[in-house]
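Novice: I have a structure here, written as structure tokens, and I will follow up with some questions on it.
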Amino acid sequence: MASDSSIVGRVARWLGLVGWFAVGISALRVTLEVYLWVMGVLSHDAVTATAVDDVRRLTGGMLSLLTARALRTKEEWGRKFGIYATLVGALFSLRAFLIVFQRDHTVAPLIGLAEFVAVAVVCRWLARPDIVAEFRQSDSPIPSWMIVCLVLVAPIAIGTSFIQ
């Protein structure tokens with residue numbers, strides 16, 4: 001694969017690395033937890049409690065991989081998918097705002113606010129004229145399988161936000 005020295009290419013490469021790291025760590029954790037549960041070292045409750053975080057990390061990593069692939073196309077639909085994926089990824093931050101109502105957490109709401117600011121910065125970055133110019137303008141739509149993935153990730157992000 002040819003090296004892409006543009007800023008979008010570098011962001012896509014790093015986003016892909018982050019995605020593979022998150023997917024790899026999640027898969028390793030799930031494998032280890034299931035193995036320890038089968039061997040009787042961990043209880044069913046302990047495995048269930050960590051499964052939610054593993055599912056969140058796994059779906060977030062997959063979303064990063066999809067976004068990296070879309071940005072690498074350098075098509076206009078890839079840029080739009082990057083914005084949509086960023087907005088869907090913001091749904092994973094709902095948990096931090098739910099913690100606001102608990103008195104023993106003071107840093108989590110600030111982290112959640114920082115994540116939403118980061119989403120605004122990324123969406124603005126993808127809308128900058130110099131970044132838009134790096135994408136080929138075309139009428140081709142976002143592939144339907146990528147839309148289906150976004151539709152599947154959103155309920156996972158929202159649904160797991162309420163499980164603590």
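As shown in the structure tokens, the chain order sets the letters A, B, ...; within each chain, residues go from 1, and ligands are also counted from 1 in the order they appear.
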Within chain A, find each residue whose DSSP state, derived from the backbone, is helix (DSSP H, G or I), and express the selection as a PyMOL selection string.

Specialist: chain A and resi 7-38+44-72+76-101+108-127+129-132+144-161

Novice: Near stretch 52-67 of chain A, counting only C-alpha atoms, which residues have an atom at most 6 Å away, once you skip same-chain residues fewer than 2 positions from it, shown as a list in words?

Specialist: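 What passes the distance filter is Leu15, Gly16, Gly19, Ala22, Val23, Ser26, Thr50, Arg69, Ala70 and Gly82 of chain A.
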
Novice: Output the selection as a PDB file, in the first residue's frame - N, CA and C atoms for each residue.

Specialist:
```
ATOM      1  N   LEU A  15      -5.926   6.414  13.193  1.00  0.00           N
ATOM      2  CA  LEU A  15      -7.240   5.948  13.613  1.00  0.00           C
ATOM      3  C   LEU A  15      -7.352   4.435  13.438  1.00  0.00           C
ATOM      4  N   GLY A  16      -6.783   3.923  12.359  1.00  0.00           N
ATOM      5  CA  GLY A  16      -6.760   2.481  12.146  1.00  0.00           C
ATOM      6  C   GLY A  16      -5.931   1.762  13.203  1.00  0.00           C
ATOM      7  N   GLY A  19      -7.906   1.719  16.364  1.00  0.00           N
ATOM      8  CA  GLY A  19      -8.983   0.737  16.235  1.00  0.00           C
ATOM      9  C   GLY A  19      -8.488  -0.685  16.415  1.00  0.00           C
ATOM     10  N   ALA A  22      -7.670  -1.269  20.099  1.00  0.00           N
ATOM     11  CA  ALA A  22      -8.871  -1.443  20.929  1.00  0.00           C
ATOM     12  C   ALA A  22      -9.522  -2.798  20.680  1.00  0.00           C
ATOM     13  N   VAL A  23      -9.624  -3.200  19.423  1.00  0.00           N
ATOM     14  CA  VAL A  23     -10.219  -4.505  19.105  1.00  0.00           C
ATOM     15  C   VAL A  23      -9.352  -5.624  19.656  1.00  0.00           C
ATOM     16  N   SER A  26      -9.600  -5.789  23.505  1.00  0.00           N
ATOM     17  CA  SER A  26     -10.914  -6.308  23.894  1.00  0.00           C
ATOM     18  C   SER A  26     -11.018  -7.805  23.649  1.00  0.00           C
ATOM     19  N   THR A  50     -17.528  -7.111  33.738  1.00  0.00           N
ATOM     20  CA  THR A  50     -16.523  -6.547  32.829  1.00  0.00           C
ATOM     21  C   THR A  50     -16.915  -6.700  31.361  1.00  0.00           C
ATOM     22  N   ARG A  69     -11.119   3.369   7.346  1.00  0.00           N
ATOM     23  CA  ARG A  69     -11.308   2.858   5.981  1.00  0.00           C
ATOM     24  C   ARG A  69     -12.043   3.877   5.115  1.00  0.00           C
ATOM     25  N   ALA A  70     -13.056   4.509   5.681  1.00  0.00           N
ATOM     26  CA  ALA A  70     -13.821   5.499   4.923  1.00  0.00           C
ATOM     27  C   ALA A  70     -12.950   6.704   4.570  1.00  0.00           C
ATOM     28  N   GLY A  82     -17.062   9.953   8.168  1.00  0.00           N
ATOM     29  CA  GLY A  82     -16.236  10.346   9.314  1.00  0.00           C
ATOM     30  C   GLY A  82     -16.997  11.242  10.281  1.00  0.00           C
TER      31      GLY A  82
END
```

Novice: Please identify all polymer residues within 12 Å of A:Cys123, counting only C-alpha atoms, omitting same-chain residues fewer than 3 positions from it, and present them as a PyMOL selection string.

Specialist: chain A and resi 79-90+116-120+126-128+131-132

Novice: For the residues selected in the previous step, produce a file with N, CA and C atoms as a short mmCIF file (atom, residue, chain, number, x, y, z; two decimals), in the first residue's frame.

Specialist:
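Writing the result to out21.cif gives the following:
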```
data_model
loop_
_atom_site.label_atom_id
_atom_site.label_comp_id
_atom_site.auth_asym_id
_atom_site.auth_seq_id
_atom_site.Cartn_x
_atom_site.Cartn_y
_atom_site.Cartn_z
N ARG A 79 -15.62 11.31 3.91
CA ARG A 79 -15.60 12.45 4.83
C ARG A 79 -16.92 12.54 5.59
N LYS A 80 -18.03 12.36 4.88
CA LYS A 80 -19.34 12.40 5.54
C LYS A 80 -19.46 11.26 6.55
N PHE A 81 -18.99 10.07 6.18
CA PHE A 81 -19.03 8.95 7.12
C PHE A 81 -18.19 9.28 8.36
N GLY A 82 -17.06 9.95 8.17
CA GLY A 82 -16.24 10.35 9.31
C GLY A 82 -17.00 11.24 10.28
N ILE A 83 -17.78 12.16 9.74
CA ILE A 83 -18.59 13.04 10.60
C ILE A 83 -19.67 12.23 11.31
N TYR A 84 -20.37 11.37 10.56
CA TYR A 84 -21.43 10.56 11.17
C TYR A 84 -20.87 9.62 12.24
N ALA A 85 -19.74 9.01 11.95
CA ALA A 85 -19.14 8.09 12.92
C ALA A 85 -18.68 8.83 14.17
N THR A 86 -18.19 10.05 13.99
CA THR A 86 -17.80 10.85 15.15
C THR A 86 -19.00 11.17 16.03
N LEU A 87 -20.12 11.49 15.39
CA LEU A 87 -21.34 11.79 16.16
C LEU A 87 -21.86 10.54 16.86
N VAL A 88 -21.82 9.39 16.19
CA VAL A 88 -22.24 8.14 16.83
C VAL A 88 -21.27 7.78 17.96
N GLY A 89 -19.99 8.02 17.74
CA GLY A 89 -19.01 7.76 18.79
C GLY A 89 -19.24 8.61 20.03
N ALA A 90 -19.83 9.79 19.85
CA ALA A 90 -20.13 10.65 20.99
C ALA A 90 -21.15 10.01 21.91
N PHE A 116 -17.12 15.63 24.34
CA PHE A 116 -18.04 16.33 23.46
C PHE A 116 -17.37 17.51 22.76
N VAL A 117 -16.46 18.18 23.43
CA VAL A 117 -15.69 19.24 22.79
C VAL A 117 -14.82 18.65 21.68
N ALA A 118 -14.22 17.49 21.95
CA ALA A 118 -13.41 16.82 20.93
C ALA A 118 -14.24 16.45 19.71
N VAL A 119 -15.47 16.02 19.93
CA VAL A 119 -16.37 15.69 18.81
C VAL A 119 -16.62 16.94 17.97
N ALA A 120 -16.86 18.06 18.62
CA ALA A 120 -17.10 19.31 17.89
C ALA A 120 -15.85 19.72 17.09
N LEU A 126 -13.22 18.25 9.91
CA LEU A 126 -13.64 17.58 8.68
C LEU A 126 -14.41 18.52 7.75
N ALA A 127 -14.87 19.65 8.26
CA ALA A 127 -15.61 20.61 7.44
C ALA A 127 -14.73 21.76 6.96
N ARG A 128 -13.47 21.80 7.37
CA ARG A 128 -12.57 22.88 6.92
C ARG A 128 -12.37 22.80 5.41
N ILE A 131 -9.45 20.65 4.19
CA ILE A 131 -9.67 19.21 4.36
C ILE A 131 -10.69 18.72 3.33
N VAL A 132 -11.74 19.50 3.11
CA VAL A 132 -12.75 19.12 2.10
C VAL A 132 -12.10 19.02 0.73
#
```

Novice: Report as a list in words all protein, DNA and RNA residues lying within 6 Å of stretch 134-148 of chain A, evaluated on only C-alpha atoms, omitting residues in the same chain fewer than 5 positions from it.

Specialist: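 That gives Lys74, Glu75, Glu76 and Trp77 of chain A.
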